[in-house]
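Structure, as structure tokens:
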Amino acid sequence: MLATVDTIAHTWHLGVVTELNATSAALLGLLHEGPKTGGQLVAAATERFGGFFSVTRSQVYRELPALTDAGLLRLGKQGPRSSQQYAITAAGKRAFKSWLNTEPGPDNVRSPLILRLVHSGSLTPKQRAALVDSARVQYAAKLDEARNAAKATTDPYEKAAADFAVAHNRAVIKLLDAIPE
């Protein structure tokens, strides 16, 4: 049985009790594959789950020192151009597994596009058309990327997530098609 997020806390070696946030968990999950630099983590996150969970460069570089201070990561080898590799620790693996076994809570969609569309009645028809056309081009490209990712993976869990990204991008395009001109 899954515990609720409210009842799960992690006691790390520094005696700090805190909950693992989704961005930290995403990074720990990616580091299960081996040490990576911050830049490599950003690229891997975009490739692996960028279609449904965004991780920004600033989020990655904010979380890495906190995870290291908490004992969930350790510094690895110095990479090219003075980049620092990070590796997951045993405590990091336990914290990640614990996070996986908690209730996910509600999905909170933060879409700058949909926020703009909600307020697009304040735009001129030409401005609104430019917004919709630009978004349609972006989401068509994202749809192609998602289709390619869905075809490329053999892992059933990654395939399900990739199929979700395909459906999501199709839904956004359908939404854009429903916007009156």
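Ordering of the structure tokens sets the chain letters (A, B, ...); residue numbers start at 1 within each chain; ligands are numbered from 1 in the order shown.
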
Spatial neighbours of range 61-78 of chain A, max dist 12 Å, only C-alpha atoms, sep filter under 2 positions, as a PyMOL selection string: chain A and resi 10-32+34-42+55-59+80-96

Contact residues around range 157-167 of chain A with only C-alpha atoms at 7 Å, ignoring same-chain residues under 2 positions, as a ChimeraX atom specification: /A:51-52,143,146-147,149-150,153-155,169-171

N, CA and C atoms of the current selection, written as a PDB file, in the first residue's frame:
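Saved to result-v2.pdb:
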```
ATOM      1  N   GLY A  51       8.355  15.632 -22.507  1.00  0.00           N
ATOM      2  CA  GLY A  51       7.017  15.756 -23.066  1.00  0.00           C
ATOM      3  C   GLY A  51       5.927  15.888 -22.018  1.00  0.00           C
ATOM      4  N   PHE A  52       6.247  15.581 -20.761  1.00  0.00           N
ATOM      5  CA  PHE A  52       5.216  15.652 -19.731  1.00  0.00           C
ATOM      6  C   PHE A  52       5.711  16.213 -18.406  1.00  0.00           C
ATOM      7  N   LEU A 143       5.030  16.874 -31.314  1.00  0.00           N
ATOM      8  CA  LEU A 143       4.304  15.645 -31.639  1.00  0.00           C
ATOM      9  C   LEU A 143       5.206  14.689 -32.417  1.00  0.00           C
ATOM     10  N   ALA A 146       7.679  13.214 -29.995  1.00  0.00           N
ATOM     11  CA  ALA A 146       7.030  12.241 -29.122  1.00  0.00           C
ATOM     12  C   ALA A 146       6.754  10.936 -29.874  1.00  0.00           C
ATOM     13  N   ARG A 147       6.323  11.039 -31.110  1.00  0.00           N
ATOM     14  CA  ARG A 147       6.088   9.822 -31.914  1.00  0.00           C
ATOM     15  C   ARG A 147       7.391   9.041 -32.086  1.00  0.00           C
ATOM     16  N   ALA A 149      10.016   9.109 -30.125  1.00  0.00           N
ATOM     17  CA  ALA A 149      10.384   8.528 -28.830  1.00  0.00           C
ATOM     18  C   ALA A 149       9.559   7.277 -28.547  1.00  0.00           C
ATOM     19  N   ALA A 150       8.274   7.326 -28.891  1.00  0.00           N
ATOM     20  CA  ALA A 150       7.398   6.168 -28.659  1.00  0.00           C
ATOM     21  C   ALA A 150       7.833   4.979 -29.515  1.00  0.00           C
ATOM     22  N   THR A 153      11.520   3.337 -28.086  1.00  0.00           N
ATOM     23  CA  THR A 153      11.713   2.646 -26.810  1.00  0.00           C
ATOM     24  C   THR A 153      11.084   1.264 -26.806  1.00  0.00           C
ATOM     25  N   THR A 154      11.744   0.374 -26.091  1.00  0.00           N
ATOM     26  CA  THR A 154      11.188  -0.964 -25.907  1.00  0.00           C
ATOM     27  C   THR A 154      10.730  -1.163 -24.462  1.00  0.00           C
ATOM     28  N   ASP A 155      11.144  -0.263 -23.573  1.00  0.00           N
ATOM     29  CA  ASP A 155      10.729  -0.344 -22.177  1.00  0.00           C
ATOM     30  C   ASP A 155       9.239  -0.019 -22.089  1.00  0.00           C
ATOM     31  N   ASN A 169       0.247  16.092 -26.960  1.00  0.00           N
ATOM     32  CA  ASN A 169       0.530  17.022 -28.051  1.00  0.00           C
ATOM     33  C   ASN A 169      -0.610  17.049 -29.063  1.00  0.00           C
ATOM     34  N   ARG A 170      -1.217  15.910 -29.312  1.00  0.00           N
ATOM     35  CA  ARG A 170      -2.407  15.882 -30.183  1.00  0.00           C
ATOM     36  C   ARG A 170      -3.538  16.707 -29.578  1.00  0.00           C
ATOM     37  N   ALA A 171      -3.731  16.588 -28.265  1.00  0.00           N
ATOM     38  CA  ALA A 171      -4.795  17.337 -27.591  1.00  0.00           C
ATOM     39  C   ALA A 171      -4.555  18.841 -27.675  1.00  0.00           C
TER      40      ALA A 171
END
```

If you run DSSP on the backbone, which residues of range 8-137 of chain A are strand (DSSP E or B), as JSON, numbers by chain? {"A": [10, 11, 17, 18, 36, 37, 73, 74, 75, 76, 77, 78, 84, 85, 86, 87, 88, 102]}

Find the residues around Arg116 in chain A up to 10 Å (only C-alpha atoms counted), leave out those fewer than 5 positions away in its own chain, and share them as a list of chain:residue names.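 Result of the neighbour search: A:Ser111, A:Gly121, A:Ser122, A:Leu123, A:Arg128, A:Leu131, A:Val132.
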
Mind writing the picked residues with N, CA, C and O atoms as a CSV table (one decimal), in the first residue's frame?
```
chain,number,residue,atom,x,y,z
A,111,SER,N,0.7,25.7,-18.0
A,111,SER,CA,0.9,25.9,-19.5
A,111,SER,C,0.9,27.4,-19.8
A,111,SER,O,-0.2,28.0,-19.8
A,121,GLY,N,-8.6,36.8,-25.9
A,121,GLY,CA,-9.7,37.7,-26.3
A,121,GLY,C,-9.2,39.2,-26.3
A,121,GLY,O,-9.8,40.1,-26.9
A,122,SER,N,-8.2,39.5,-25.5
A,122,SER,CA,-7.6,40.8,-25.5
A,122,SER,C,-6.7,41.2,-26.6
A,122,SER,O,-6.3,42.3,-26.8
A,123,LEU,N,-6.4,40.2,-27.4
A,123,LEU,CA,-5.5,40.4,-28.6
A,123,LEU,C,-6.3,40.8,-29.8
A,123,LEU,O,-7.5,40.5,-29.9
A,128,ARG,N,-3.8,37.1,-32.3
A,128,ARG,CA,-4.3,35.8,-31.8
A,128,ARG,C,-3.9,34.8,-32.8
A,128,ARG,O,-3.5,33.7,-32.5
A,131,LEU,N,-0.3,33.9,-32.5
A,131,LEU,CA,-0.1,33.1,-31.3
A,131,LEU,C,-0.4,31.6,-31.6
A,131,LEU,O,0.3,30.7,-31.3
A,132,VAL,N,-1.6,31.4,-32.2
A,132,VAL,CA,-2.1,30.1,-32.5
A,132,VAL,C,-1.2,29.4,-33.5
A,132,VAL,O,-0.8,28.2,-33.3
```

Based on DSSP run over this structure's backbone, return all residues of range 8-177 of chain A in alpha helix (DSSP H), as a PyMOL selection string. chain A and resi 22-31+38-49+57-69+90-100+112-118+125-152+156-177

I'd like the contact shell of Ala129 in chain A - 10 Å cut-off, only C-alpha atoms, skipping same-chain residues fewer than 5 positions apart - returned as a PyMOL selection string. chain A and resi 120+123-124+134-135+176+179-181

Prev. selection, all heavy atoms, output as an mmCIF file, in the first residue's frame:
```cif
data_model
loop_
_atom_site.group_PDB
_atom_site.id
_atom_site.type_symbol
_atom_site.label_atom_id
_atom_site.label_comp_id
_atom_site.auth_asym_id
_atom_site.auth_seq_id
_atom_site.Cartn_x
_atom_site.Cartn_y
_atom_site.Cartn_z
ATOM 1 N N SER A 120 -6.565 35.454 -24.650
ATOM 2 C CA SER A 120 -6.337 35.893 -26.029
ATOM 3 C C SER A 120 -7.467 36.747 -26.600
ATOM 4 O O SER A 120 -7.298 37.364 -27.650
ATOM 5 C CB SER A 120 -6.066 34.697 -26.944
ATOM 6 O OG SER A 120 -7.212 33.883 -27.059
ATOM 7 N N LEU A 123 -6.369 40.168 -27.441
ATOM 8 C CA LEU A 123 -5.506 40.386 -28.590
ATOM 9 C C LEU A 123 -6.325 40.763 -29.819
ATOM 10 O O LEU A 123 -7.525 40.464 -29.892
ATOM 11 C CB LEU A 123 -4.713 39.114 -28.903
ATOM 12 C CG LEU A 123 -3.732 38.627 -27.840
ATOM 13 C CD1 LEU A 123 -3.155 37.263 -28.239
ATOM 14 C CD2 LEU A 123 -2.621 39.638 -27.626
ATOM 15 N N THR A 124 -5.658 41.361 -30.782
ATOM 16 C CA THR A 124 -6.315 41.594 -32.070
ATOM 17 C C THR A 124 -6.421 40.247 -32.777
ATOM 18 O O THR A 124 -5.673 39.310 -32.446
ATOM 19 C CB THR A 124 -5.498 42.569 -32.946
ATOM 20 O OG1 THR A 124 -4.252 41.930 -33.294
ATOM 21 C CG2 THR A 124 -5.247 43.894 -32.242
ATOM 22 N N SER A 134 1.972 30.031 -34.285
ATOM 23 C CA SER A 134 3.284 29.747 -33.698
ATOM 24 C C SER A 134 3.217 28.510 -32.795
ATOM 25 O O SER A 134 4.072 27.628 -32.858
ATOM 26 C CB SER A 134 3.768 30.960 -32.901
ATOM 27 O OG SER A 134 4.933 30.646 -32.180
ATOM 28 N N ALA A 135 2.190 28.462 -31.971
ATOM 29 C CA ALA A 135 2.023 27.320 -31.068
ATOM 30 C C ALA A 135 1.785 26.036 -31.862
ATOM 31 O O ALA A 135 2.306 24.973 -31.502
ATOM 32 C CB ALA A 135 0.870 27.579 -30.108
ATOM 33 N N LEU A 176 -5.852 24.070 -30.242
ATOM 34 C CA LEU A 176 -5.491 25.197 -31.114
ATOM 35 C C LEU A 176 -6.412 25.258 -32.334
ATOM 36 O O LEU A 176 -6.788 26.351 -32.780
ATOM 37 C CB LEU A 176 -4.027 25.065 -31.556
ATOM 38 C CG LEU A 176 -3.001 25.223 -30.452
ATOM 39 C CD1 LEU A 176 -1.616 24.800 -30.922
ATOM 40 C CD2 LEU A 176 -2.988 26.651 -29.917
ATOM 41 N N ILE A 179 -9.699 27.137 -31.662
ATOM 42 C CA ILE A 179 -9.674 28.579 -31.381
ATOM 43 C C ILE A 179 -10.267 29.310 -32.590
ATOM 44 O O ILE A 179 -9.788 29.146 -33.713
ATOM 45 C CB ILE A 179 -8.242 29.081 -31.123
ATOM 46 C CG1 ILE A 179 -7.616 28.352 -29.943
ATOM 47 C CG2 ILE A 179 -8.193 30.593 -30.939
ATOM 48 C CD1 ILE A 179 -8.242 28.643 -28.619
ATOM 49 N N PRO A 180 -11.295 30.124 -32.353
ATOM 50 C CA PRO A 180 -11.888 30.872 -33.481
ATOM 51 C C PRO A 180 -10.893 31.927 -34.006
ATOM 52 O O PRO A 180 -10.126 32.486 -33.244
ATOM 53 C CB PRO A 180 -13.122 31.541 -32.880
ATOM 54 C CG PRO A 180 -12.990 31.420 -31.404
ATOM 55 C CD PRO A 180 -11.963 30.395 -31.106
ATOM 56 N N GLU A 181 -10.986 32.138 -35.289
ATOM 57 C CA GLU A 181 -10.074 33.126 -35.904
ATOM 58 C C GLU A 181 -10.560 34.515 -35.771
ATOM 59 O O GLU A 181 -11.554 34.906 -35.442
ATOM 60 C CB GLU A 181 -9.875 32.769 -37.371
ATOM 61 C CG GLU A 181 -9.150 31.453 -37.481
ATOM 62 C CD GLU A 181 -8.696 31.169 -38.891
ATOM 63 O OE1 GLU A 181 -8.445 32.115 -39.646
ATOM 64 O OE2 GLU A 181 -8.581 30.001 -39.225
#
```

CA of Lys97 in chain A and CA of Val60 in chain A are how many Å apart?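 Rounded to one decimal, the two atoms are 19.7 Å apart.
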